[in-house]
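See below for the structure under consideration.
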Protein chains: 2
Amino acid sequence: MGEKKLNIEELSIWDDAKQMLRKAERDGIETAWDRLQQQSPHCKFGESGVCCRICTMGPCRISKKAPRGVCGADADVIVARNFGRFVTGGAAGHSDHGRDCIEALHAVAHGETEDYSIKDEAKLLRIAEEVGISTKGREPLDVAKDLAAEFFENYGTTKNELSFIGRVPEKRRELWANLGITPRGMDREIAEMMHRTHMGCDNDAANTMLHAARTCLADGWAGSMIATEVSDILFGTPSPRKAQVNLGVLKEDQVNILVHGHNPIVSEKILEAVNEPEMIALAREKGAAGINLAGLCCTGNELMMRNGIPMAGNHLMTELAIVTGAVELIIVDYQCIMPSLVQVGSCYHTRMVTTADKARFTGAEHVKFQMDNGMEQARKVVRMAIDRYDLRDQARVEIPQGPVDIVTGFSNEAILQALGGSLTPLIEAIKAGKVRGVVGIVGCNNPKYKHDYCNVNLTRELIKKDILVIVTGCVTTAAGKAGLLVPEAIDQAGPGLQEICGALGIPPVIHMGSCVDNARILQLCAMLANELGVDISDLPVAASSPEWYSEKAAAIGTYAVASGIYTHLGHPPNITGSELVTNLVLSGLDDLIGACFVVEQDPFKAANLIDERIKSKRTALGLAA
Amino acid sequence: MGEKKLNIEELSIWDDAKQMLRKAERDGIETAWDRLQQQSPHCKFGESGVCCRICTMGPCRISKKAPRGVCGADADVIVARNFGRFVTGGAAGHSDHGRDCIEALHAVAHGETEDYSIKDEAKLLRIAEEVGISTKGREPLDVAKDLAAEFFENYGTTKNELSFIGRVPEKRRELWANLGITPRGMDREIAEMMHRTHMGCDNDAANTMLHAARTCLADGWAGSMIATEVSDILFGTPSPRKAQVNLGVLKEDQVNILVHGHNPIVSEKILEAVNEPEMIALAREKGAAGINLAGLCCTGNELMMRNGIPMAGNHLMTELAIVTGAVELIIVDYQCIMPSLVQVGSCYHTRMVTTADKARFTGAEHVKFQMDNGMEQARKVVRMAIDRYDLRDQARVEIPQGPVDIVTGFSNEAILQALGGSLTPLIEAIKAGKVRGVVGIVGCNNPKYKHDYCNVNLTRELIKKDILVIVTGCVTTAAGKAGLLVPEAIDQAGPGLQEICGALGIPPVIHMGSCVDNARILQLCAMLANELGVDISDLPVAASSPEWYSEKAAAIGTYAVASGIYTHLGHPPNITGSELVTNLVLSGLDDLIGACFVVEQDPFKAANLIDERIKSKRTALGLAA
């Protein structure tokens with residue numbers, strides 16, 4: 001536990017979070033906030049990126065007294081190498097998730113599984129045609145074989161071109177080619193980044209940073225984009241539907257199961273299993289009124305987007321969800337899952353179940369999900385949850401009340417449909433200044449900042465300025481809890497946005513999915529640019545990750561910038577120890593690539609900075625600012 | 001410069017090194033030893049592996065006061081993640097080098113270059129047949145197309161099996177399969193390791209360590225092995241030849257060019273260019289007696305193995321080679337190239353030239369080598385070197401005297417030939433106890449230890465005990481300078497080794513190449529095991545890297561252990577902060593995988609430990625210890 005008592009009022013803007021933090025304190029549960037206190041102050045060398053551990057001549061730390069590491073690397077080189085590996089961790093996460101999706105598609109196509117199928121045949125055929133696979137008169141599964149093979153090639157060395165490169169505006173492609181950063185294979189860029197950052201390879205900070213951009217572009221336009229498109233093909237393309245958010249979605253009289261992680265492959269089967277009559281009957285036998293499935297983090301987003309499954313909370317709510325004492329079982333796939341969940345769970349009756357060999361947790365139970373046993377394992381896990389209902393201590397249960405309604409499911413396909421089949425109405429609204437711009441607010445929570453304060457306030461400020469906001473990942477839950485993901489929220493928007501969203505019957509803040517689904521935002525930007533015949537960097541758009549914490553968020557920010565999107569971060573990555581790298585990222589890239597990062601912790605100031613950028617882009621396009 | 005004066009006598013066992021360290025001091029040149037002094041003491045958190053920087057909730061450092069990071073990860077998880085990424089950097093280096101070799105083979109096969117060709121057609125056909133490519137009645141270039149395609153598949157996702165898996169003894173393959181560590185694609189294992197080590201993925205230290213083993217196995221049996229085999233096909237399979245080592249190979253009256261790095265693709269062209277009459281004439285016009293090409297590090301090993309090009313020095317000699325004042329130009333490809341070489345060069349007239357886009361050095365001149373311009377660029381670089389001869393200040397030149405003779409070129413093919421076509425004579429010698437065992441001593445230098453003291457003394461001690469030593473990489477130069485790489489060195493060997501090597505006319509220490517060529521040692525071990533019908537872990541063999549520093553060395557050690565080879569290290573990687581990981585590596589693996597690491601700084605004690613292990617393996621095989 002932390003040395004001094006945490007001031008709970010200052011930790012989160014949410015009542016459900018504060019209520020559970022008080023309960024955690026009473027129950028003697030350690031949370032991320034306690035551990036942050038123990039870990040503070042952070043190492044200054046690590047925080048500024050000038051600590052190097054890539055060989056055993058070190059570790060080295062750059063200071064005035066010691067301006068170079070043992071090998072001779074200076075702060076610029078060390079910071080760039082660390083940043084390169086940092087975003088590569090993120091790009092690898094997204095793209096390995098994408099690979100798992102392709103493997104599922106491959107298994108379906110080759111008849112190697114009965115547990116998965118093609119849910120959106122029309123999308124399968126459309127995507128196949130888009131990437132050059134003939135579909136005429138062919139069986140969908142036959143097309144799927146070719147599509148899986150085509151997508152696998154995005155991870156290899158021989159193809160040297162991404163399947164979705166055709167989506168990128170031509171001017172952007174030329175710019176990438178001129179800079180030598182056109183992404184080749186996904187895994188190749190990852191491996192090359194690891195190679196470049198070995199001792200004695202790439203020792204030019206700017207050159208290393210360019211390869212970081214290339215690696216992240218492969219993530220955005222291949223790894224993540226393939227993850228999204230294949231998930232839609234396998235599990236259905238999201239369309240608008242209602243759902244609910246916050247800890248109030250847990251049910252006192254039901255078996256509560258939480259899914260956590262990122263990939264829908266496991267959670268979709270859990271959803272099927274909890275709806276099976278035998279399972280519900282079994283739960284009733286145990287005295288429960290039923291089985292309640294809720295999501296956390298991005299697996300939660302995936303289930304919510306496609307099935308309207310409620311969302312219990314975002315990153316900083318994952319421990320607190322267990323603190324309710326009402327969760328029988330939490331089943332995870334991978335990424336962003338705090339290992340502390342095992343410990344928190346063991347303080348109650350909550351069992352944690354892992355499903356992927358690549359993401360095991362000491363102390364959790366491992367139920368390996370494979371292509372050919374998904375349903376069987378899902379049933380096993382649901383039975384495990386039901387069995388634990390007996391163990392719940394109702395005296396220790398406390399579930400915050402009042403879940404909030406939201407509307408979710410805005411895939412690009414759904415947006416196009418809402419717009420009547422073409423982007424023209426949106427473009428006209430942008431031209432007319434009714435929608436002054438579009439900003440994607442994405443990413444995580446970070447206990448260094450008051451939970452969701454920036455996520456919510458930035459969103460509110462932007463819609464006031466007639467800027468349409470798109471959310472994914474953990475910002476979804478923040479905006480949802482703030483009541484911004486419903487059509488009624490147009491009350492809080494500027495007059496232009498109010499008019500447009502009102503006419504379309506959509507919220508002023510649009511939920512587009514999980515964090516791999518930021519690829520949907522890339523695609524939307526590309527469609528807008530292509531429609532207007534300009535580059536993405538000419539559009540009145542921006543991205544923001546106000547409370548980010550993960551390598552994936554840094555990778556997303558980097559591919560956004562390299563794709564031409566001005567990107568706000570609430571705090572910088574660990575690069576401030578190099579003036580060269582910091583300047584490159586905060587301004588130099590603007591000349592090179594037409595976009596850059598901007599760092600601002602205050603959401604109101606950040607909103608103004610983004611607004612200024614949108615004004616300048618509107619002016620350059622000849623539109624009223 | 002360091003705060004207190006370095007005690008030069010204690011820094012290296014070599015006269016050439018000490019002479020240049022004294023000159024460096026006089027000339028005001030900072031070296032790795034100075035910077036090591038500035039960087040000492042090292043950060044204890046970094047050294048023990050318990051510092052985590054993989055997300056911005058941190059950085060975190062594990063201590064008694066703070067036993068878990070903000071996410072909840074403990075020392076075990078953090079150490080395992082750091083180790084996983086560490087060896088992945090090494091595996092990526094080797095395997096990206098291998099990829100470049102395949103790209104060269106592909107370019108030759110498809111007629112996309114006139115600068116490269118197939119030098120060893122017999123090996124091309126033999127390897128093609130080995131990996132299942134039909135060669136009967138086919139043009140070699142046609143076969144090469146298929147072989148390049150086959151090797152590229154080792155980097156992809158769909159094949160899921162390495163081309164050279166057939167070389168691995170069956171028992172070993174079963175063991176890998178049972179542990180779930182059979183390597184799939186090279187890049188895939190790298191990407192998965194980066195994914196697993198993202199926050200909230202793999203949080204079970206042992207599980208992470210197993211994937212580290214899998215990633216390194218892909219390096220050893222694919223990335224590195226392909227690099228070696230394709231280099232042989234393109235540039236010729238090494239055969240025994242004479243060469244010389246130490247700084248005395250530089251010539252006072254000639255244009256001196258040094259090649260440094262790892263891949264022969266650039267250096268082989270430089271070698272051709274310096275031998276062209278026009279180039280030699282041009283050098284003479286400038287008043288030089290000729291052009292002298294010498295090697296450093298592993299590119300030096302590659303040229304020496306195949307062409308007898310002299311070796312100026314190993315890792316810690318690279319700065320000191322420039323301190324001679326006699327080097328016009330140093331041309332590098334990638335890996336292990338101290339960025340300080342730019343600064344050291346700028347204190348003399350030495351130009352540094354980089355050749356690979358993935359390894360640029362701020363302040364160096366970039367001459368990009370591509371498949372279709374190798375000769376043209378090589379000539380350009382050699383002309384640059386000649387042009388700089390004028391700038392040399394002969395008053396500042398000081399070249400240590402007395403290069404040492406060596407014999408190099410022991411590929412497995414050459415060893416088989418020396419043995420009369422089969423391994424039987426070696427196996428008989430092992431059975432008879434004349435060759436009690438075989439130990440590969442490989443790897444680097446590290447300024448934390450007296451330069452080459454351990455490399456040389458361990459080698460000497462082992463051959464005294466009738467243990468045949470194989471060297472690669474930077475240990476080559478150490479053994480060579482110690483006079484151990486010549487047939488006459490049998491004087492220093494035990495009686496059995498003396499008899500066998502004497503009869504064969506070979507040195508008791510065999511030079512097998514560069515650090516990717518450790519794959520040759522793997523293959524030799526596999527051939528011995530297969531011949532005897534046992535697993536590699538049953539053989540009286542060991543590996544050692546006494547003075548290692550690089551991520552590649554850690555990767556090599558890991559694939560050696562995972563292949564069943566007991567492996568000595570002079571110092572541990574940064575894992576000592578986790579008892580679990582340390583115990584796993586130093587003993588637990590022995591039960592799991594039939595081999596483990598052993599750490600011992602003293603070369604005499606290390607020799608005894610290795611000897612004990614060899615005794616136990618001999619006894620288990622029913623041989624006299």
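In the structure tokens, the first chain shown is A, the next is B, and so on; residue numbers restart at 1 for each chain, and ligands run from 1 in the order shown.
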Task: Selection near Ala542 (chain B), 6 Å with only C-alpha atoms, sequence-local residues under 2 positions removed, as a VMD selection string - done: chain B and resid 439 565 to 567
Convert the current residue selection to file output with N, CA, C and O atoms, as a short mmCIF file (atom, residue, chain, number, x, y, z; two decimals), in the first residue's frame.
data_model
loop_
_atom_site.label_atom_id
_atom_site.label_comp_id
_atom_site.auth_asym_id
_atom_site.auth_seq_id
_atom_site.Cartn_x
_atom_site.Cartn_y
_atom_site.Cartn_z
N VAL B 439 34.36 -27.61 -27.84
CA VAL B 439 33.76 -26.40 -27.26
C VAL B 439 33.89 -25.23 -28.23
O VAL B 439 34.98 -24.96 -28.74
N ILE B 565 23.02 -27.39 -25.76
CA ILE B 565 24.46 -27.18 -25.51
C ILE B 565 24.66 -26.36 -24.23
O ILE B 565 24.18 -25.23 -24.12
N TYR B 566 25.35 -26.94 -23.28
CA TYR B 566 25.74 -26.27 -22.03
C TYR B 566 26.56 -25.04 -22.40
O TYR B 566 27.51 -25.13 -23.18
N THR B 567 26.20 -23.88 -21.86
CA THR B 567 26.82 -22.64 -22.34
C THR B 567 27.35 -21.78 -21.20
O THR B 567 26.60 -21.39 -20.30
#
Task: Contacts of Glu192 (chain A) within 7 Å, only C-alpha atoms, excl. fewer than 4 positions in-chain, as a PyMOL selection string - done: (chain A and resi 188+196) or (chain B and resi 92+96)
Task: Residue nearest chain A - candidates B:Gly84, B:Gly200, B:Gly564, B:Gly290, atoms counted: only C-alpha atoms - done: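 Ranked by minimum distance to chain A, first place goes to B:Gly200.
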Task: Residue neighbourhood region 597-602 of chain A, 10 Å, only C-alpha atoms, exclusion window fewer than 6 positions, as a VMD selection string - done: chain A and resid 449 453 to 454 457 to 458 543 to 547 557 to 558 560 to 561 565 to 573 582 to 590 609 to 610
Task: Between CA of Leu341 (chain B) and CA of Gly72 (chain A), distance in Å (one decimal) - done: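 Value for the CA of Leu341 (chain B)-CA of Gly72 (chain A) distance: 8.1 Å.
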Open item on the list: DSSP on the backbone: which residues in region 106-200 of chain A end up as helix (DSSP H, G or I)? Give the answer as a count of residues only.
Closed with: 54
Task: Spatial neighbours of Met199 (chain A), 7 Å, only C-alpha atoms, chain gap at least 3 places, as a PyMOL selection string - done: (chain A and resi 54-55) or (chain B and resi 335-336)
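The two atoms in question, CA of Val382 (chain B) and CA of Gln244 (chain B), are spaced 22.0 Å apart.
Here CA of Ser117 (chain B) stands at a distance of 28.6 Å from CA of Val471 (chain B).
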- [ ] From the DSSP assignment of the backbone, select every residue of region 145-370 of chain A that is strand (DSSP E), and format the answer as number ranges by chain.
- [x] A: 241-245, 255-260, 291-296, 311-313, 329-332, 351-354, 365-366
Residues from the last selection, N, CA and C atoms, saved as a PDB file, in the first residue's frame:
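That gives us again_16.pdb:
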ATOM      1  N   ARG A 241     -26.332   0.472 -32.605  1.00  0.00           N
ATOM      2  CA  ARG A 241     -27.164  -0.247 -31.636  1.00  0.00           C
ATOM      3  C   ARG A 241     -26.949   0.380 -30.269  1.00  0.00           C
ATOM      4  N   LYS A 242     -27.866   0.071 -29.356  1.00  0.00           N
ATOM      5  CA  LYS A 242     -27.779   0.639 -28.018  1.00  0.00           C
ATOM      6  C   LYS A 242     -26.993  -0.268 -27.089  1.00  0.00           C
ATOM      7  N   ALA A 243     -26.361   0.351 -26.094  1.00  0.00           N
ATOM      8  CA  ALA A 243     -25.689  -0.424 -25.052  1.00  0.00           C
ATOM      9  C   ALA A 243     -25.623   0.446 -23.802  1.00  0.00           C
ATOM     10  N   GLN A 244     -24.938  -0.077 -22.792  1.00  0.00           N
ATOM     11  CA  GLN A 244     -24.812   0.680 -21.550  1.00  0.00           C
ATOM     12  C   GLN A 244     -23.378   0.602 -21.037  1.00  0.00           C
ATOM     13  N   VAL A 245     -23.018   1.620 -20.275  1.00  0.00           N
ATOM     14  CA  VAL A 245     -21.666   1.622 -19.690  1.00  0.00           C
ATOM     15  C   VAL A 245     -21.691   2.001 -18.210  1.00  0.00           C
ATOM     16  N   VAL A 255     -24.848 -14.357 -12.384  1.00  0.00           N
ATOM     17  CA  VAL A 255     -23.441 -14.719 -12.543  1.00  0.00           C
ATOM     18  C   VAL A 255     -22.818 -13.660 -13.449  1.00  0.00           C
ATOM     19  N   ASN A 256     -21.821 -12.939 -12.940  1.00  0.00           N
ATOM     20  CA  ASN A 256     -21.175 -11.896 -13.753  1.00  0.00           C
ATOM     21  C   ASN A 256     -19.865 -12.409 -14.338  1.00  0.00           C
ATOM     22  N   ILE A 257     -19.771 -12.333 -15.643  1.00  0.00           N
ATOM     23  CA  ILE A 257     -18.537 -12.716 -16.341  1.00  0.00           C
ATOM     24  C   ILE A 257     -18.018 -11.479 -17.079  1.00  0.00           C
ATOM     25  N   LEU A 258     -16.739 -11.186 -16.886  1.00  0.00           N
ATOM     26  CA  LEU A 258     -16.133 -10.064 -17.622  1.00  0.00           C
ATOM     27  C   LEU A 258     -15.178 -10.602 -18.675  1.00  0.00           C
ATOM     28  N   VAL A 259     -15.250 -10.023 -19.874  1.00  0.00           N
ATOM     29  CA  VAL A 259     -14.240 -10.334 -20.894  1.00  0.00           C
ATOM     30  C   VAL A 259     -13.311  -9.132 -20.991  1.00  0.00           C
ATOM     31  N   HIS A 260     -12.025  -9.415 -21.110  1.00  0.00           N
ATOM     32  CA  HIS A 260     -11.023  -8.346 -21.087  1.00  0.00           C
ATOM     33  C   HIS A 260      -9.928  -8.721 -22.087  1.00  0.00           C
ATOM     34  N   ILE A 291     -27.118 -15.191 -16.439  1.00  0.00           N
ATOM     35  CA  ILE A 291     -25.684 -14.941 -16.638  1.00  0.00           C
ATOM     36  C   ILE A 291     -25.538 -13.574 -17.302  1.00  0.00           C
ATOM     37  N   ASN A 292     -24.713 -12.753 -16.708  1.00  0.00           N
ATOM     38  CA  ASN A 292     -24.512 -11.403 -17.223  1.00  0.00           C
ATOM     39  C   ASN A 292     -23.098 -11.264 -17.755  1.00  0.00           C
ATOM     40  N   LEU A 293     -23.004 -10.985 -19.041  1.00  0.00           N
ATOM     41  CA  LEU A 293     -21.682 -10.806 -19.655  1.00  0.00           C
ATOM     42  C   LEU A 293     -21.441  -9.320 -19.863  1.00  0.00           C
ATOM     43  N   ALA A 294     -20.286  -8.837 -19.428  1.00  0.00           N
ATOM     44  CA  ALA A 294     -19.938  -7.427 -19.652  1.00  0.00           C
ATOM     45  C   ALA A 294     -18.490  -7.342 -20.096  1.00  0.00           C
ATOM     46  N   GLY A 295     -18.163  -6.230 -20.727  1.00  0.00           N
ATOM     47  CA  GLY A 295     -16.835  -6.085 -21.301  1.00  0.00           C
ATOM     48  C   GLY A 295     -15.967  -5.115 -20.538  1.00  0.00           C
ATOM     49  N   LEU A 296     -14.672  -5.247 -20.772  1.00  0.00           N
ATOM     50  CA  LEU A 296     -13.683  -4.283 -20.300  1.00  0.00           C
ATOM     51  C   LEU A 296     -12.776  -3.993 -21.491  1.00  0.00           C
ATOM     52  N   MET A 311     -20.566  -2.386 -21.271  1.00  0.00           N
ATOM     53  CA  MET A 311     -19.146  -2.164 -20.968  1.00  0.00           C
ATOM     54  C   MET A 311     -19.027  -1.773 -19.501  1.00  0.00           C
ATOM     55  N   ALA A 312     -18.271  -2.593 -18.756  1.00  0.00           N
ATOM     56  CA  ALA A 312     -18.138  -2.305 -17.321  1.00  0.00           C
ATOM     57  C   ALA A 312     -17.171  -1.162 -17.048  1.00  0.00           C
ATOM     58  N   GLY A 313     -16.160  -1.026 -17.902  1.00  0.00           N
ATOM     59  CA  GLY A 313     -15.228   0.066 -17.644  1.00  0.00           C
ATOM     60  C   GLY A 313     -14.008   0.034 -18.518  1.00  0.00           C
ATOM     61  N   LEU A 329     -15.940 -14.371 -12.672  1.00  0.00           N
ATOM     62  CA  LEU A 329     -14.834 -14.800 -13.525  1.00  0.00           C
ATOM     63  C   LEU A 329     -14.494 -13.708 -14.533  1.00  0.00           C
ATOM     64  N   ILE A 330     -13.210 -13.531 -14.741  1.00  0.00           N
ATOM     65  CA  ILE A 330     -12.754 -12.601 -15.768  1.00  0.00           C
ATOM     66  C   ILE A 330     -11.912 -13.407 -16.746  1.00  0.00           C
ATOM     67  N   ILE A 331     -12.312 -13.344 -17.997  1.00  0.00           N
ATOM     68  CA  ILE A 331     -11.617 -14.130 -19.011  1.00  0.00           C
ATOM     69  C   ILE A 331     -10.917 -13.170 -19.965  1.00  0.00           C
ATOM     70  N   VAL A 332      -9.633 -13.435 -20.204  1.00  0.00           N
ATOM     71  CA  VAL A 332      -8.820 -12.472 -20.943  1.00  0.00           C
ATOM     72  C   VAL A 332      -8.178 -13.115 -22.167  1.00  0.00           C
ATOM     73  N   ARG A 351     -12.198 -15.591 -10.273  1.00  0.00           N
ATOM     74  CA  ARG A 351     -11.197 -16.397 -10.959  1.00  0.00           C
ATOM     75  C   ARG A 351     -10.782 -15.688 -12.241  1.00  0.00           C
ATOM     76  N   MET A 352      -9.484 -15.692 -12.503  1.00  0.00           N
ATOM     77  CA  MET A 352      -9.028 -15.141 -13.778  1.00  0.00           C
ATOM     78  C   MET A 352      -8.637 -16.297 -14.686  1.00  0.00           C
ATOM     79  N   VAL A 353      -9.131 -16.258 -15.922  1.00  0.00           N
ATOM     80  CA  VAL A 353      -8.844 -17.317 -16.891  1.00  0.00           C
ATOM     81  C   VAL A 353      -8.127 -16.721 -18.092  1.00  0.00           C
ATOM     82  N   THR A 354      -6.993 -17.296 -18.429  1.00  0.00           N
ATOM     83  CA  THR A 354      -6.259 -16.872 -19.620  1.00  0.00           C
ATOM     84  C   THR A 354      -6.549 -17.849 -20.752  1.00  0.00           C
ATOM     85  N   GLU A 365      -5.880 -19.311 -14.227  1.00  0.00           N
ATOM     86  CA  GLU A 365      -6.119 -20.634 -14.806  1.00  0.00           C
ATOM     87  C   GLU A 365      -6.054 -20.513 -16.322  1.00  0.00           C
ATOM     88  N   HIS A 366      -5.359 -21.437 -16.958  1.00  0.00           N
ATOM     89  CA  HIS A 366      -5.176 -21.354 -18.407  1.00  0.00           C
ATOM     90  C   HIS A 366      -6.126 -22.323 -19.112  1.00  0.00           C
TER      91      HIS A 366
END
Task: Residue nearest Pro41 (chain A) - candidates B:Ala66, B:Ile500, B:Ile593, B:Val438, atoms counted: only C-alpha atoms - done: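 Closest to Pro41 (chain A), using only C-alpha atoms: B:Ala66.
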- [ ] Find the residues around region 15-29 of chain B up to 10 Å (only C-alpha atoms counted), leave out those fewer than 2 positions away in its own chain, and share them as a PyMOL selection string.
- [x] chain B and resi 1+5-13+31+33-34+246-248+313+316-317+319-325+343-345+347-348+396-403+451
Limited to C-alpha atoms, could you put the picked residues into a file as a tab-separated table (two decimals), in the first residue's frame?
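Saved file part-v7.tsv follows:
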chain	number	residue	atom	x	y	z
B	1	MET	CA	37.72	11.83	-20.78
B	5	LYS	CA	43.76	8.14	-15.44
B	6	LEU	CA	43.17	4.67	-16.84
B	7	ASN	CA	45.71	2.01	-15.91
B	8	ILE	CA	46.50	0.96	-19.45
B	9	GLU	CA	48.47	-2.14	-18.43
B	10	GLU	CA	45.28	-3.56	-16.95
B	11	LEU	CA	43.01	-2.89	-19.93
B	12	SER	CA	44.25	-5.46	-22.43
B	13	ILE	CA	46.59	-8.42	-22.69
B	31	THR	CA	37.85	5.41	-26.11
B	33	TRP	CA	37.37	2.50	-21.67
B	34	ASP	CA	37.13	6.23	-20.90
B	246	ASN	CA	46.56	-7.75	-35.24
B	247	LEU	CA	47.13	-4.07	-35.97
B	248	GLY	CA	50.45	-4.92	-37.59
B	313	GLY	CA	41.32	-6.49	-34.68
B	316	LEU	CA	37.76	-3.34	-28.62
B	317	MET	CA	40.40	-2.81	-31.33
B	319	GLU	CA	38.69	2.49	-32.20
B	320	LEU	CA	42.37	1.69	-31.69
B	321	ALA	CA	42.83	0.76	-35.34
B	322	ILE	CA	41.96	4.34	-36.26
B	323	VAL	CA	44.33	5.64	-33.57
B	324	THR	CA	47.22	4.28	-35.69
B	325	GLY	CA	46.62	7.36	-37.84
B	343	GLN	CA	34.57	10.96	-33.66
B	344	VAL	CA	37.84	9.03	-33.48
B	345	GLY	CA	38.16	9.23	-37.26
B	347	CYS	CA	40.62	13.37	-34.95
B	348	TYR	CA	42.71	11.93	-37.77
B	396	ARG	CA	51.05	10.99	-36.43
B	397	VAL	CA	51.22	7.44	-37.79
B	398	GLU	CA	52.22	4.65	-35.47
B	399	ILE	CA	51.52	1.06	-36.48
B	400	PRO	CA	52.28	-1.71	-33.98
B	401	GLN	CA	54.60	-4.27	-35.49
B	402	GLY	CA	54.48	-7.98	-35.99
B	403	PRO	CA	51.28	-9.45	-37.36
B	451	HIS	CA	40.56	-7.35	-23.17
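Residues in contact range of Ala222 (chain B), defined as at most 7 Å between only C-alpha atoms, with sequence neighbours fewer than 2 positions away removed, read Asn154, Leu162, Phe164, Met186, Ala218, Asp219, Gly220, Ser224, Met225 and Ile226 of chain B.
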Write a file of the selected residues as an mmCIF file, in the first residue's frame, keeping N, CA, C and O atoms.
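Output contents, as saved in result-v1.cif:
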data_model
loop_
_atom_site.group_PDB
_atom_site.id
_atom_site.type_symbol
_atom_site.label_atom_id
_atom_site.label_comp_id
_atom_site.auth_asym_id
_atom_site.auth_seq_id
_atom_site.Cartn_x
_atom_site.Cartn_y
_atom_site.Cartn_z
ATOM 1 N N ASN B 154 10.824 -18.828 -44.605
ATOM 2 C CA ASN B 154 11.240 -18.954 -43.211
ATOM 3 C C ASN B 154 10.951 -17.691 -42.414
ATOM 4 O O ASN B 154 11.032 -17.683 -41.195
ATOM 5 N N LEU B 162 10.728 -24.465 -40.303
ATOM 6 C CA LEU B 162 11.974 -23.949 -40.862
ATOM 7 C C LEU B 162 12.539 -24.904 -41.912
ATOM 8 O O LEU B 162 12.406 -26.123 -41.786
ATOM 9 N N PHE B 164 15.510 -25.788 -42.401
ATOM 10 C CA PHE B 164 16.575 -26.666 -41.920
ATOM 11 C C PHE B 164 16.167 -27.516 -40.713
ATOM 12 O O PHE B 164 17.023 -28.051 -40.019
ATOM 13 N N MET B 186 10.711 -16.856 -38.642
ATOM 14 C CA MET B 186 11.709 -16.021 -37.970
ATOM 15 C C MET B 186 11.100 -14.702 -37.488
ATOM 16 O O MET B 186 11.146 -14.366 -36.312
ATOM 17 N N ALA B 218 14.821 -19.929 -33.727
ATOM 18 C CA ALA B 218 14.593 -19.485 -35.104
ATOM 19 C C ALA B 218 15.831 -18.779 -35.641
ATOM 20 O O ALA B 218 16.209 -18.937 -36.807
ATOM 21 N N ASP B 219 16.490 -18.016 -34.784
ATOM 22 C CA ASP B 219 17.735 -17.359 -35.186
ATOM 23 C C ASP B 219 18.782 -18.398 -35.579
ATOM 24 O O ASP B 219 19.333 -18.379 -36.691
ATOM 25 N N GLY B 220 19.040 -19.333 -34.668
ATOM 26 C CA GLY B 220 20.111 -20.297 -34.909
ATOM 27 C C GLY B 220 19.872 -21.193 -36.110
ATOM 28 O O GLY B 220 20.741 -21.368 -36.955
ATOM 29 N N SER B 224 20.366 -17.202 -38.821
ATOM 30 C CA SER B 224 21.820 -17.301 -38.926
ATOM 31 C C SER B 224 22.236 -18.384 -39.918
ATOM 32 O O SER B 224 23.174 -18.199 -40.699
ATOM 33 N N MET B 225 21.531 -19.508 -39.864
ATOM 34 C CA MET B 225 21.920 -20.631 -40.722
ATOM 35 C C MET B 225 21.738 -20.282 -42.200
ATOM 36 O O MET B 225 22.570 -20.623 -43.045
ATOM 37 N N ILE B 226 20.654 -19.584 -42.485
ATOM 38 C CA ILE B 226 20.429 -19.147 -43.865
ATOM 39 C C ILE B 226 21.487 -18.135 -44.272
ATOM 40 O O ILE B 226 22.024 -18.170 -45.386
#
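Look at region 418-424 of chain A: the protein and nucleic acid residues within 9 Å of it, using only C-alpha atoms and passing over chain neighbours fewer than 5 places away, are A:Glu413, A:Ala429, A:Leu504, A:Gly505, A:Ile506, A:Met527, A:Leu528, A:Glu531.
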- [ ] Between A:Ser40, A:Asn82, A:Asn207, A:Ser95, single out the one closest to Leu179 (chain A), counting only C-alpha atoms.
- [x]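 Smallest separation from Leu179 (chain A) among the options: A:Asn207.
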